[in-house]
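Student: One file is attached below, final00.cif, containing mmCIF, C-alpha atoms.
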data_work
loop_
_atom_site.label_atom_id
_atom_site.label_comp_id
_atom_site.auth_asym_id
_atom_site.auth_seq_id
_atom_site.Cartn_x
_atom_site.Cartn_y
_atom_site.Cartn_z
CA MET A 663 0.00 0.00 0.00
CA ALA A 664 2.25 2.80 -1.21
CA VAL A 665 1.42 6.26 0.07
CA THR A 666 3.21 9.29 -1.30
CA LYS A 667 3.33 12.84 -0.04
CA THR A 668 5.60 15.77 -0.82
CA HIS A 669 6.53 18.91 1.02
CA PRO A 670 9.04 21.71 0.40
CA ILE A 671 12.34 22.06 2.21
CA LYS A 672 12.79 25.59 3.50
CA SER A 673 15.22 24.93 6.33
CA THR A 674 18.84 23.81 6.04
CA LEU A 675 19.13 21.40 3.14
CA LYS A 676 22.15 19.65 4.63
CA ALA A 677 20.26 18.92 7.86
CA ALA A 678 17.41 17.35 5.88
CA ILE A 679 19.78 15.18 3.81
CA ASP A 680 21.75 14.17 6.90
CA TYR A 681 18.49 13.10 8.54
CA ILE A 682 17.36 10.85 5.70
CA CYS A 683 20.88 9.38 5.37
CA ASN A 684 21.10 8.49 9.08
CA PRO A 685 23.00 5.15 9.25
CA ASP A 686 20.71 3.90 12.05
CA LYS A 687 17.71 4.31 9.75
CA THR A 688 19.31 3.12 6.48
CA ASP A 689 21.06 -0.09 7.55
CA GLY A 690 24.45 1.57 7.85
CA LYS A 691 23.84 3.66 4.71
CA LEU A 692 23.47 0.53 2.57
CA LEU A 693 20.05 1.88 1.54
CA VAL A 694 21.29 5.26 0.30
CA SER A 695 21.47 6.17 -3.40
CA SER A 696 21.81 9.37 -5.38
CA PHE A 697 21.60 10.73 -8.90
CA GLY A 698 23.45 13.70 -10.36
CA CYS A 699 25.27 14.25 -7.09
CA ALA A 700 26.91 12.47 -4.18
CA ALA A 701 24.87 12.08 -1.01
CA GLU A 702 27.75 13.55 1.01
CA THR A 703 27.96 16.74 -1.09
CA ALA A 704 24.37 16.98 -2.36
CA ASP A 705 23.69 20.25 -0.59
CA ILE A 706 26.70 21.88 -2.30
CA GLU A 707 25.73 20.49 -5.70
CA PHE A 708 22.10 21.54 -5.29
CA GLU A 709 23.20 25.08 -4.50
CA TRP A 710 25.57 25.21 -7.49
CA THR A 711 22.71 24.26 -9.79
CA ARG A 712 20.47 26.88 -8.20
CA ARG A 713 23.02 29.61 -8.91
CA HIS A 714 22.33 29.27 -12.63
CA SER A 715 18.55 29.45 -12.31
CA ILE A 716 16.61 32.62 -13.04
CA ASP A 717 13.51 31.31 -11.23
CA LYS A 718 15.06 29.95 -8.04
CA GLY A 719 11.79 29.95 -6.12
CA THR A 720 11.65 29.94 -2.32
CA HIS A 721 12.38 26.25 -1.73
CA LEU A 722 15.79 24.59 -1.61
CA GLY A 723 14.37 21.22 -2.58
CA ARG A 724 11.43 18.87 -2.38
CA HIS A 725 11.00 15.99 0.04
CA LEU A 726 8.87 13.03 -1.04
CA ILE A 727 7.93 10.14 1.24
CA GLN A 728 6.75 6.78 -0.10
CA ALA A 729 5.46 4.34 2.53
CA PHE A 730 4.55 0.66 2.23
CA GLU A 731 2.23 -1.72 4.02
CA PRO A 732 4.00 -3.21 7.11
CA GLY A 733 5.57 -6.58 6.39
CA GLU A 734 4.73 -6.48 2.68
CA VAL A 735 8.07 -5.52 1.12
CA MET A 736 11.75 -6.09 1.80
CA PRO A 737 13.91 -2.95 2.22
CA GLU A 738 15.98 -3.69 -0.89
CA GLU A 739 12.89 -4.02 -3.08
CA ALA A 740 11.39 -0.86 -1.59
CA HIS A 741 14.61 0.95 -2.45
CA ARG A 742 14.49 -0.30 -6.05
CA ILE A 743 10.88 0.87 -6.35
CA GLY A 744 11.91 4.25 -4.97
CA MET A 745 14.67 4.55 -7.57
CA GLU A 746 12.26 3.64 -10.37
CA LEU A 747 9.79 6.23 -9.10
CA ALA A 748 12.46 8.94 -8.80
CA ARG A 749 13.80 8.33 -12.30
CA GLU A 750 10.30 8.30 -13.79
CA VAL A 751 8.85 11.40 -12.16
CA LEU A 752 12.04 13.47 -12.30
CA GLY A 753 13.03 12.37 -15.80
CA GLY A 754 16.76 12.56 -15.16
CA LYS A 755 16.58 16.35 -14.82
CA TYR A 756 16.95 16.87 -11.07
CA GLU A 757 19.67 15.81 -8.65
CA PHE A 758 18.30 13.65 -5.87
CA VAL A 759 19.15 11.56 -2.84
CA LEU A 760 17.04 8.49 -2.09
CA THR A 761 17.10 6.55 1.17
CA THR A 762 15.05 3.71 2.60
CA HIS A 763 14.29 3.75 6.32
CA ILE A 764 13.83 0.53 8.25
CA ASP A 765 13.65 1.89 11.81
CA LYS A 766 9.83 2.02 11.91
CA ASP A 767 7.23 -0.73 11.78
CA HIS A 768 6.81 -0.01 8.07
CA VAL A 769 9.48 0.39 5.41
CA HIS A 770 9.41 3.80 3.73
CA ASN A 771 11.46 5.80 1.24
CA HIS A 772 12.68 9.37 1.54
CA LEU A 773 13.46 11.24 -1.66
CA ILE A 774 14.98 14.72 -1.55
CA PHE A 775 15.46 16.35 -4.93
CA ASN A 776 16.68 19.73 -6.09
CA ALA A 777 13.98 22.32 -6.67
CA VAL A 778 15.90 23.40 -9.80
CA SER A 779 16.72 21.23 -12.82
CA PHE A 780 20.37 20.88 -13.78
CA THR A 781 19.44 20.41 -17.46
CA ASP A 782 17.44 23.59 -18.15
CA HIS A 783 17.76 25.33 -14.73
CA LYS A 784 13.98 25.65 -14.45
CA HIS A 785 12.22 25.49 -11.11
CA TYR A 786 10.15 22.42 -10.20
CA HIS A 787 6.50 23.39 -9.75
CA SER A 788 4.66 21.27 -7.21
CA ASN A 789 0.88 21.30 -7.55
CA LYS A 790 -2.12 18.98 -7.61
CA ARG A 791 -1.27 17.77 -11.10
CA SER A 792 2.32 16.87 -10.21
CA TYR A 793 1.16 15.17 -7.02
CA HIS A 794 -1.35 12.98 -8.84
CA GLU A 795 1.25 12.12 -11.49
CA ILE A 796 3.60 10.96 -8.72
CA ARG A 797 0.78 9.05 -7.02
CA ARG A 798 -0.24 7.27 -10.23
CA ALA A 799 3.36 6.34 -11.01
CA SER A 800 3.89 5.04 -7.46
CA ASP A 801 0.68 2.96 -7.55
CA ARG A 802 1.55 1.49 -10.95
CA LEU A 803 5.07 0.52 -9.84
CA CYS A 804 3.71 -1.12 -6.70
CA LYS A 805 1.20 -3.12 -8.74
CA GLU A 806 3.99 -4.23 -11.06
CA HIS A 807 5.89 -5.47 -8.01
CA GLY A 808 2.83 -7.28 -6.67
CA LEU A 809 2.25 -4.85 -3.80
CA SER A 810 -1.07 -3.44 -2.63
CA VAL A 811 -2.08 0.16 -3.27
CA ILE A 812 -4.74 2.49 -1.96
CA VAL A 813 -7.60 2.39 -4.46
CA PRO A 814 -9.25 5.82 -4.74
CA GLY A 815 -13.03 5.83 -4.22
CA ARG A 816 -15.41 6.09 -7.13
CA ASP A 817 -16.95 9.29 -5.81
CA LYS A 818 -15.40 12.51 -7.13
CA GLY A 819 -15.29 15.97 -5.62
CA LYS A 820 -15.89 14.89 -2.03
CA SER A 821 -14.93 17.57 0.46
CA TYR A 822 -12.68 16.85 3.44
CA ILE A 823 -15.57 17.33 5.88
CA GLU A 824 -17.75 15.03 3.80
CA HIS A 825 -14.96 12.47 3.61
CA GLN A 826 -14.56 12.54 7.38
CA ALA A 827 -18.31 12.21 7.81
CA ALA A 828 -18.38 9.22 5.47
CA GLN A 829 -15.53 7.63 7.44
CA ASN A 830 -17.55 8.11 10.63
CA GLY A 831 -20.76 6.85 9.05
CA THR A 832 -22.52 10.21 9.36
CA SER A 833 -22.46 11.47 5.75
CA TYR A 834 -25.92 12.44 4.51
CA LYS A 835 -24.96 11.48 0.98
CA ALA A 836 -23.57 8.12 2.08
CA LYS A 837 -26.75 7.36 4.03
CA LEU A 838 -28.98 8.42 1.13
CA LYS A 839 -27.03 6.24 -1.30
CA ALA A 840 -27.27 3.30 1.10
CA ALA A 841 -31.03 3.81 1.44
CA ILE A 842 -31.53 3.95 -2.35
CA ASP A 843 -29.38 0.84 -2.89
CA ARG A 844 -31.40 -1.01 -0.24
CA LEU A 845 -34.79 0.05 -1.61
CA ILE A 846 -34.20 -0.43 -5.34
CA PRO A 847 -34.58 -4.26 -5.26
CA VAL A 848 -37.99 -4.00 -3.54
CA SER A 849 -39.32 -1.01 -5.52
CA SER A 850 -41.57 -1.43 -8.56
CA SER A 851 -41.01 2.04 -10.00
CA LEU A 852 -39.31 5.37 -9.37
CA GLU A 853 -42.45 6.69 -7.69
CA ASP A 854 -42.55 3.63 -5.45
CA LEU A 855 -38.91 4.20 -4.48
CA LEU A 856 -39.55 7.87 -3.62
CA ALA A 857 -42.58 6.90 -1.56
CA ARG A 858 -40.49 4.39 0.38
CA LEU A 859 -37.84 7.08 1.00
CA GLN A 860 -40.55 9.37 2.35
CA ARG A 861 -41.77 6.65 4.71
CA GLU A 862 -38.20 6.44 6.05
CA GLY A 863 -38.31 10.15 6.87
CA TYR A 864 -36.82 11.73 3.75
CA GLU A 865 -38.43 14.87 2.33
CA ILE A 866 -38.65 14.71 -1.47
CA LYS A 867 -38.57 17.75 -3.75
CA ARG A 868 -39.52 17.43 -7.42
CA GLY A 869 -38.37 19.86 -10.10
CA LYS A 870 -35.86 19.71 -12.91
CA TYR A 871 -33.97 17.30 -10.68
CA ILE A 872 -35.17 15.07 -7.86
CA SER A 873 -33.81 16.04 -4.42
CA ALA A 874 -34.05 14.47 -0.99
CA ARG A 875 -33.42 15.74 2.53
CA ALA A 876 -33.00 13.77 5.74
CA PRO A 877 -34.94 14.91 8.86
CA ASP A 878 -31.97 16.69 10.44
CA GLN A 879 -30.32 17.79 7.18
CA GLU A 880 -30.10 21.51 6.39
CA ARG A 881 -30.08 21.37 2.57
CA PHE A 882 -31.60 19.10 -0.06
CA THR A 883 -29.34 16.69 -1.93
CA ARG A 884 -29.90 16.20 -5.65
CA LEU A 885 -29.82 12.51 -6.50
CA LYS A 886 -27.67 13.18 -9.56
CA THR A 887 -24.89 14.55 -7.30
CA LEU A 888 -24.56 11.11 -5.67
CA GLY A 889 -22.89 9.71 -8.79
CA ALA A 890 -23.67 8.04 -12.10
CA ASP A 891 -25.63 5.25 -10.41
CA TYR A 892 -28.16 7.67 -8.86
CA THR A 893 -29.36 9.87 -11.70
CA GLU A 894 -33.09 9.58 -12.41
CA ALA A 895 -32.45 7.54 -15.58
CA ALA A 896 -29.97 5.25 -13.79
CA VAL A 897 -32.34 4.61 -10.88
CA VAL A 898 -35.23 3.79 -13.25
CA SER A 899 -32.94 1.41 -15.18
CA ARG A 900 -31.70 -0.27 -12.01
CA ILE A 901 -35.26 -0.78 -10.75
CA ALA A 902 -36.03 -2.50 -14.07
CA GLY A 903 -33.07 -4.85 -13.50
CA GLY A 904 -30.42 -2.97 -15.44
CA PRO A 905 -26.77 -2.76 -14.33
CA ARG A 906 -25.15 0.11 -12.46
CA PRO A 907 -23.68 2.55 -15.01
CA SER A 908 -20.44 2.78 -13.01
CA ARG A 909 -19.96 -0.98 -13.26
CA GLN A 910 -21.06 -1.34 -16.85
CA PRO A 911 -18.11 -1.86 -19.20
CA GLN A 912 -17.55 1.33 -21.17
CA GLN A 913 -17.95 0.96 -24.91
CA ARG A 914 -15.63 2.74 -27.28
CA SER A 915 -16.74 3.29 -30.85
CA GLY A 916 -15.07 0.90 -33.26
CA LYS A 917 -13.36 -1.10 -30.49
CA VAL A 918 -13.86 -4.74 -29.64
CA SER A 919 -14.95 -5.37 -26.04
CA LEU A 920 -14.46 -8.49 -23.97
CA LEU A 921 -17.34 -10.95 -23.79
CA ILE A 922 -19.17 -11.10 -20.46
CA ASP A 923 -18.88 -14.44 -18.67
CA ILE A 924 -22.58 -14.73 -17.86
CA GLN A 925 -22.29 -18.26 -16.49
CA ASN A 926 -19.89 -17.23 -13.71
CA ASN A 927 -21.21 -13.69 -13.22
CA ILE A 928 -22.88 -13.30 -9.80
CA LYS A 929 -24.85 -10.27 -10.96
CA ALA A 930 -26.25 -12.26 -13.89
CA GLN A 931 -27.37 -15.03 -11.53
CA GLN A 932 -29.11 -12.55 -9.24
CA SER A 933 -30.70 -10.25 -11.83
CA ALA A 934 -32.73 -11.46 -14.80
CA GLY A 935 -32.61 -7.94 -16.23
CA TYR A 936 -28.83 -7.88 -16.15
CA GLN A 937 -28.69 -11.36 -17.68
CA ARG A 938 -30.87 -10.23 -20.60
CA TRP A 939 -28.72 -7.13 -21.12
CA ALA A 940 -25.49 -9.17 -20.96
CA THR A 941 -26.83 -11.75 -23.46
CA ILE A 942 -27.71 -9.05 -26.01
CA GLU A 943 -24.43 -7.25 -25.34
CA ASN A 944 -22.46 -10.47 -25.94
CA LEU A 945 -24.13 -10.92 -29.31
CA LYS A 946 -23.00 -7.43 -30.29
CA ARG A 947 -19.47 -8.06 -29.04
CA ALA A 948 -19.26 -11.41 -30.83
CA ALA A 949 -20.34 -9.73 -34.07
CA ALA A 950 -17.77 -6.96 -33.59
CA THR A 951 -15.09 -9.62 -32.99
CA MET A 952 -15.90 -11.47 -36.22
CA ASN A 953 -16.06 -8.21 -38.20
CA PHE A 954 -12.60 -7.24 -36.96
CA LEU A 955 -11.12 -10.61 -37.91
CA THR A 956 -12.62 -10.36 -41.39
CA GLU A 957 -11.51 -6.76 -41.94
CA HIS A 958 -7.95 -7.60 -40.91
CA GLY A 959 -7.71 -10.73 -43.03
CA ILE A 960 -7.44 -13.18 -40.13
CA GLY A 961 -8.93 -16.43 -41.37
CA SER A 962 -7.81 -18.97 -38.76
CA TYR A 963 -7.04 -19.27 -35.08
CA GLU A 964 -3.37 -19.86 -35.89
CA GLU A 965 -3.21 -16.57 -37.79
CA LEU A 966 -4.77 -14.80 -34.81
CA VAL A 967 -2.15 -16.29 -32.47
CA GLU A 968 0.63 -15.21 -34.85
CA ARG A 969 -0.76 -11.67 -34.96
CA CYS A 970 -0.98 -11.55 -31.14
CA ASP A 971 2.59 -12.77 -30.80
CA ALA A 972 3.83 -10.25 -33.37
CA VAL A 973 2.20 -7.33 -31.56
CA ALA A 974 3.57 -8.54 -28.21
CA ALA A 975 7.08 -8.79 -29.69
CA ALA A 976 6.79 -5.28 -31.16
CA SER A 977 5.73 -4.00 -27.74
CA ILE A 978 8.81 -5.55 -26.08
CA ARG A 979 11.16 -4.13 -28.74
CA THR A 980 9.69 -0.64 -28.45
CA ARG A 981 9.85 -0.72 -24.65
CA GLU A 982 13.50 -1.72 -24.79
CA SER A 983 14.31 1.03 -27.30
CA LEU A 984 12.49 3.58 -25.17
CA ARG A 985 14.30 2.45 -22.03
CA ASP A 986 17.69 2.63 -23.78
CA THR A 987 16.89 6.11 -25.14
CA GLU A 988 15.79 7.37 -21.72
CA GLN A 989 18.96 5.99 -20.17
CA ARG A 990 21.11 7.68 -22.82
CA ILE A 991 19.30 10.99 -22.21
CA ALA A 992 19.92 10.73 -18.46
CA ASP A 993 23.58 9.80 -18.94
CA LEU A 994 24.20 12.57 -21.45
CA ALA A 995 22.36 15.20 -19.39
CA LEU A 996 24.41 14.25 -16.35
CA LEU A 997 27.65 14.33 -18.34
CA GLY A 998 26.65 17.72 -19.74
CA LYS A 999 26.24 18.99 -16.18
CA GLN A 1000 29.72 17.73 -15.23
CA ILE A 1001 31.29 19.26 -18.34
CA ASP A 1002 29.62 22.61 -17.63
CA THR A 1003 30.76 22.53 -14.00
CA TYR A 1004 34.30 21.58 -15.06
CA ARG A 1005 34.56 24.47 -17.53
CA LYS A 1006 33.18 27.08 -15.15
CA LEU A 1007 35.30 26.06 -12.17
CA LYS A 1008 38.58 25.19 -13.88
CA PRO A 1009 39.91 28.78 -13.52
CA VAL A 1010 39.23 28.58 -9.77
CA TYR A 1011 40.92 25.19 -9.55
CA ASP A 1012 43.94 26.42 -11.53
CA ARG A 1013 44.30 29.30 -9.09
CA TYR A 1014 44.06 26.83 -6.23
CA LYS A 1015 46.80 24.62 -7.69
CA ALA A 1016 49.01 27.65 -8.28
CA SER A 1017 48.43 29.22 -4.85
CA LYS A 1018 51.22 29.16 -2.31
CA ASP A 1019 48.87 28.83 0.64
CA LYS A 1020 46.51 26.10 -0.50
CA GLU A 1021 44.84 25.67 2.91
CA LYS A 1022 43.86 29.35 3.01
CA PHE A 1023 42.60 29.22 -0.59
CA LEU A 1024 40.63 26.07 0.15
CA ARG A 1025 38.89 27.71 3.12
CA GLY A 1026 37.54 30.39 0.80
CA PHE A 1027 36.63 28.14 -2.16
CA GLU A 1028 36.03 24.72 -0.60
CA SER A 1029 32.67 24.16 -2.32
CA GLU A 1030 34.04 25.09 -5.75
CA ILE A 1031 37.07 22.79 -5.35
CA ILE A 1032 34.86 19.88 -4.24
CA LEU A 1033 32.54 20.37 -7.22
CA PHE A 1034 35.40 20.65 -9.71
CA GLU A 1035 37.14 17.51 -8.49
CA ALA A 1036 33.85 15.58 -8.56
CA ALA A 1037 33.21 16.74 -12.13
CA ALA A 1038 36.75 15.84 -13.19
CA ARG A 1039 36.32 12.31 -11.79
CA GLU A 1040 33.07 11.77 -13.69
CA ILE A 1041 34.56 13.05 -16.95
CA LYS A 1042 37.55 10.76 -16.53
CA LYS A 1043 35.21 7.86 -15.75
CA ALA A 1044 33.37 8.58 -19.03
CA GLY A 1045 36.65 8.17 -20.90
CA LEU A 1046 36.61 11.65 -22.48
CA THR A 1047 39.98 12.95 -23.65
CA LYS A 1048 38.48 16.07 -25.21
CA LEU A 1049 35.44 17.90 -23.92
CA PRO A 1050 32.61 18.20 -26.46
CA SER A 1051 31.11 21.64 -27.03
CA SER A 1052 27.93 22.61 -25.22
CA ASP A 1053 26.17 22.99 -28.58
CA LYS A 1054 27.08 19.44 -29.57
CA VAL A 1055 25.75 18.01 -26.29
CA LYS A 1056 22.59 20.09 -26.61
CA ALA A 1057 22.00 18.96 -30.20
CA GLU A 1058 22.40 15.30 -29.26
CA LEU A 1059 20.00 15.73 -26.34
CA GLU A 1060 17.41 17.35 -28.60
CA GLY A 1061 17.73 14.47 -31.06
CA LEU A 1062 17.33 11.92 -28.28
CA SER A 1063 14.32 13.77 -26.87
CA ALA A 1064 12.66 13.73 -30.29
CA ARG A 1065 13.33 9.99 -30.58
CA LYS A 1066 11.90 9.44 -27.09
CA ALA A 1067 8.69 11.30 -28.00
CA ALA A 1068 8.34 9.25 -31.21
CA LEU A 1069 8.90 5.98 -29.31
CA GLN A 1070 6.33 6.95 -26.67
CA THR A 1071 3.75 7.64 -29.38
CA GLU A 1072 4.58 4.33 -31.07
CA LEU A 1073 4.39 2.44 -27.78
CA ARG A 1074 0.96 3.87 -26.95
CA LYS A 1075 -0.28 2.74 -30.36
CA ILE A 1076 1.18 -0.75 -29.95
CA GLN A 1077 -0.25 -1.05 -26.44
CA ARG A 1078 -3.72 -0.28 -27.77
CA GLU A 1079 -3.24 -2.95 -30.44
CA GLU A 1080 -1.90 -5.40 -27.88
CA LYS A 1081 -4.92 -4.88 -25.65
CA GLU A 1082 -7.29 -5.19 -28.59
CA TYR A 1083 -5.72 -8.43 -29.84
CA ASP A 1084 -5.74 -9.86 -26.33
CA THR A 1085 -9.47 -9.12 -26.14
CA LEU A 1086 -9.99 -10.71 -29.56
CA ARG A 1087 -8.16 -13.86 -28.54
CA GLN A 1088 -10.13 -14.19 -25.31
CA ASN A 1089 -13.38 -13.68 -27.20
CA VAL A 1090 -12.48 -16.27 -29.84
CA ASP A 1091 -11.43 -18.73 -27.11
CA ALA A 1092 -14.79 -18.22 -25.40
CA LEU A 1093 -16.74 -18.57 -28.66
CA LEU A 1094 -14.89 -21.76 -29.58
CA GLU A 1095 -15.28 -23.21 -26.09
CA ARG A 1096 -19.07 -22.86 -25.95
CA PRO A 1097 -19.87 -25.05 -28.97
CA LYS A 1098 -17.47 -27.62 -27.52
CA GLU A 1099 -19.34 -27.57 -24.19
CA GLN A 1100 -22.67 -27.83 -25.99
CA GLU A 1101 -21.42 -30.85 -27.98
CA GLN A 1102 -20.19 -32.52 -24.77
CA GLN A 1103 -23.58 -31.95 -23.12
CA ARG A 1104 -25.38 -33.37 -26.19
CA GLN A 1105 -23.07 -36.42 -26.14
CA ARG A 1106 -23.77 -37.00 -22.44
CA SER A 1107 -27.53 -36.81 -23.13
CA ASN A 1108 -27.21 -39.42 -25.89
CA ASP A 1109 -25.21 -41.68 -23.59
CA LEU A 1110 -27.95 -41.50 -20.96
CA GLU A 1111 -30.58 -42.42 -23.52
#
Since I need it in another form, could you write the structure as structure tokens?
Tutor:
Amino acid sequence: MAVTKTHPIKSTLKAAIDYICNPDKTDGKLLVSSFGCAAETADIEFEWTRRHSIDKGTHLGRHLIQAFEPGEVMPEEAHRIGMELAREVLGGKYEFVLTTHIDKDHVHNHLIFNAVSFTDHKHYHSNKRSYHEIRRASDRLCKEHGLSVIVPGRDKGKSYIEHQAAQNGTSYKAKLKAAIDRLIPVSSSLEDLLARLQREGYEIKRGKYISARAPDQERFTRLKTLGADYTEAAVVSRIAGGPRPSRQPQQRSGKVSLLIDIQNNIKAQQSAGYQRWATIENLKRAAATMNFLTEHGIGSYEELVERCDAVAAASIRTRESLRDTEQRIADLALLGKQIDTYRKLKPVYDRYKASKDKEKFLRGFESEIILFEAAAREIKKAGLTKLPSSDKVKAELEGLSARKAALQTELRKIQREEKEYDTLRQNVDALLERPKEQEQQRQRSNDLE
């Protein structure tokens, strides 16, 4: 159950980084990682990046916490998930330090990242959109690792007070929804349902929209504000045996939808109306499946399997290409940062090497010397004998970014195809299985005779 939250760092950045890197919390610093900086000098490197930003903002960095269900994940796996999350949401543009704490009853990650990007020196803007992007990425990664996540409720736009009331069982809307759900199975019509609500103490107001008010409630509640399942049309349909709109598979024009397994569907066993709807819907979906196969020249089950395998293989190849491109972008952006730092601080370092009193010089330019030496080590590690120009690095990054965008577009297209072909195959399997079951039943009947 991964939970993420972010907050700005306004106090001393070094104190915050020292806290999350505490050896007692991180298994002797075995669960400490960083990107674009060293954990020991991250505060210096963050500040150097900030110097080149026009929009520095008021925050030194951002602190993100990702928590997991107690006993559900090992620290090492939690750390890997944290690294995947950091690389995905920060896109290789921000220096960060990631640590995993094991001193509490639940494993949790701490991620502190620079508020300014080292690639374009733009400030990171934290808002509702960025939060939900982080939350979605965290939930998806946890699902991929087989971990539980918090599933958001179906209701939208619920206020904090209303949420608290619902948690305590005192929400007027929650009680009204519960009453409607309870009365629908025993109501013969919409009017009958409203009459039953009135007998339970609700005051009903008719107009453009139907509204209800509990005895101690101040304002009326429009039924349509309770959600898609409680509009007038939805309630009438549900009374007649129709399915809840929120649980009804959404149809997309021109797309093939999965057949409904009526035989093993609890709702179909309990509701004759739903069973009739599902039977008709399956006929439509079966027809759409056969039309697709015909239009795409698929004449046998073997050809369908080959097409499914081909799309799956294309998906794997595109994912790998995208991953390699993203890694190259991150590596090149980081190298570009080191080259830029090296060039800007080399005059300071040359003065340091030439100074007669190196200790005195170091006291005045310690941060600059540390940054230069770190940049020099990374450049040497990259095997560069001659530094490329900034324009050359920038041009290569632009080319890689364009390739990444093209691969992302291609992958989305392939994923849609992959999903569609998977649906087709499941439908064909179901359609082929039913005649076989019918033949087996007919054979058993003959044997009994």
Student: Can you find the residues with an atom no farther than 12 Å from (14.5, 1.2, -25.9), counting only C-alpha atoms, and report them as a CSV table (one decimal) with C-alpha atoms, keeping the file's coordinate frame?
Tutor:
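Generated output (result-v5.csv):
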chain,number,residue,atom,x,y,z
A,976,ALA,CA,6.8,-5.3,-31.2
A,977,SER,CA,5.7,-4.0,-27.7
A,978,ILE,CA,8.8,-5.6,-26.1
A,979,ARG,CA,11.2,-4.1,-28.7
A,980,THR,CA,9.7,-0.6,-28.4
A,981,ARG,CA,9.8,-0.7,-24.6
A,982,GLU,CA,13.5,-1.7,-24.8
A,983,SER,CA,14.3,1.0,-27.3
A,984,LEU,CA,12.5,3.6,-25.2
A,985,ARG,CA,14.3,2.4,-22.0
A,986,ASP,CA,17.7,2.6,-23.8
A,987,THR,CA,16.9,6.1,-25.1
A,988,GLU,CA,15.8,7.4,-21.7
A,989,GLN,CA,19.0,6.0,-20.2
A,990,ARG,CA,21.1,7.7,-22.8
A,991,ILE,CA,19.3,11.0,-22.2
A,1062,LEU,CA,17.3,11.9,-28.3
A,1065,ARG,CA,13.3,10.0,-30.6
A,1066,LYS,CA,11.9,9.4,-27.1
A,1067,ALA,CA,8.7,11.3,-28.0
A,1068,ALA,CA,8.3,9.2,-31.2
A,1069,LEU,CA,8.9,6.0,-29.3
A,1070,GLN,CA,6.3,7.0,-26.7
A,1072,GLU,CA,4.6,4.3,-31.1
A,1073,LEU,CA,4.4,2.4,-27.8
Student: So how many Å separate atom CA of A:Lys1081 and atom CA of A:Phe954, to one decimal?
Tutor: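 Result for atom CA of A:Lys1081 versus atom CA of A:Phe954: 13.9 Å, one decimal.
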Student: Report, in Å with one decimal, the straight-line distance from atom CA of A:Asp705 to atom CA of A:Lys1054.
Tutor: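 So the two atoms, atom CA of A:Asp705 and atom CA of A:Lys1054, lie 29.2 Å apart.
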Student: Can you translate the PyMOL selection byres ((chain A and resi 680) around 12) into the concrete residues it hits in this file, as a ChimeraX atom specification?
Tutor: /A:674-679,681-688,691,694,701-705,759-761,772,774
Student: Need the shell around A:Arg1039: protein/DNA/RNA residues with any atom at most 12 Å away, counting all atoms listed in the file. Skip same-chain ones fewer than 6 positions apart. Format as a list of chain:residue names?
Tutor: A:Leu997, A:Gln1000, A:Ile1001, A:Thr1003, A:Tyr1004, A:Ile1032, A:Leu1033, A:Gly1045, A:Leu1046
Student: Those same residues, written as an mmCIF file, keeping the file's coordinate frame with C-alpha atoms?
Tutor:
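File result-v1.cif, as written:
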data_model
loop_
_atom_site.group_PDB
_atom_site.id
_atom_site.type_symbol
_atom_site.label_atom_id
_atom_site.label_comp_id
_atom_site.auth_asym_id
_atom_site.auth_seq_id
_atom_site.Cartn_x
_atom_site.Cartn_y
_atom_site.Cartn_z
ATOM 1 C CA LEU A 997 27.650 14.330 -18.340
ATOM 2 C CA GLN A 1000 29.720 17.730 -15.230
ATOM 3 C CA ILE A 1001 31.290 19.260 -18.340
ATOM 4 C CA THR A 1003 30.760 22.530 -14.000
ATOM 5 C CA TYR A 1004 34.300 21.580 -15.060
ATOM 6 C CA ILE A 1032 34.860 19.880 -4.240
ATOM 7 C CA LEU A 1033 32.540 20.370 -7.220
ATOM 8 C CA GLY A 1045 36.650 8.170 -20.900
ATOM 9 C CA LEU A 1046 36.610 11.650 -22.480
#
Student: Counting only C-alpha atoms, which of A:Arg797, A:Lys755, A:Arg802, A:Lys1075 gets nearest to A:Phe780?
Tutor: A:Lys755
Student: Could you please determine the separation between atom CA of A:Val1055 and atom CA of A:Ala700 in Å, to one decimal place?
Tutor: 22.8 Å
Student: Could you check which of A:Arg884, A:Lys1043, A:Arg947, A:His807 is closest to A:Glu746, using only C-alpha atoms?
Tutor: A:His807
Student: Identify all residues satisfying the PyMOL selection byres ((chain A and resi 952) around 12) in the given file; provide them as a compact mmCIF listing (two decimals) with C-alpha atoms, in the coordinates of the input.
Tutor:
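Written out: out.txt:
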# COMPACT_ATOMS: atom_id res chain seq x y z
CA VAL A 918 -13.86 -4.74 -29.64
CA SER A 919 -14.95 -5.37 -26.04
CA LEU A 945 -24.13 -10.92 -29.31
CA LYS A 946 -23.00 -7.43 -30.29
CA ARG A 947 -19.47 -8.06 -29.04
CA ALA A 948 -19.26 -11.41 -30.83
CA ALA A 949 -20.34 -9.73 -34.07
CA ALA A 950 -17.77 -6.96 -33.59
CA THR A 951 -15.09 -9.62 -32.99
CA ASN A 953 -16.06 -8.21 -38.20
CA PHE A 954 -12.60 -7.24 -36.96
CA LEU A 955 -11.12 -10.61 -37.91
CA THR A 956 -12.62 -10.36 -41.39
CA GLU A 957 -11.51 -6.76 -41.94
CA HIS A 958 -7.95 -7.60 -40.91
CA GLY A 959 -7.71 -10.73 -43.03
CA ILE A 960 -7.44 -13.18 -40.13
CA GLY A 961 -8.93 -16.43 -41.37
CA SER A 962 -7.81 -18.97 -38.76
CA TYR A 963 -7.04 -19.27 -35.08
CA LEU A 966 -4.77 -14.80 -34.81
CA LEU A 1086 -9.99 -10.71 -29.56
CA ARG A 1087 -8.16 -13.86 -28.54
CA ASN A 1089 -13.38 -13.68 -27.20
CA VAL A 1090 -12.48 -16.27 -29.84
CA LEU A 1093 -16.74 -18.57 -28.66
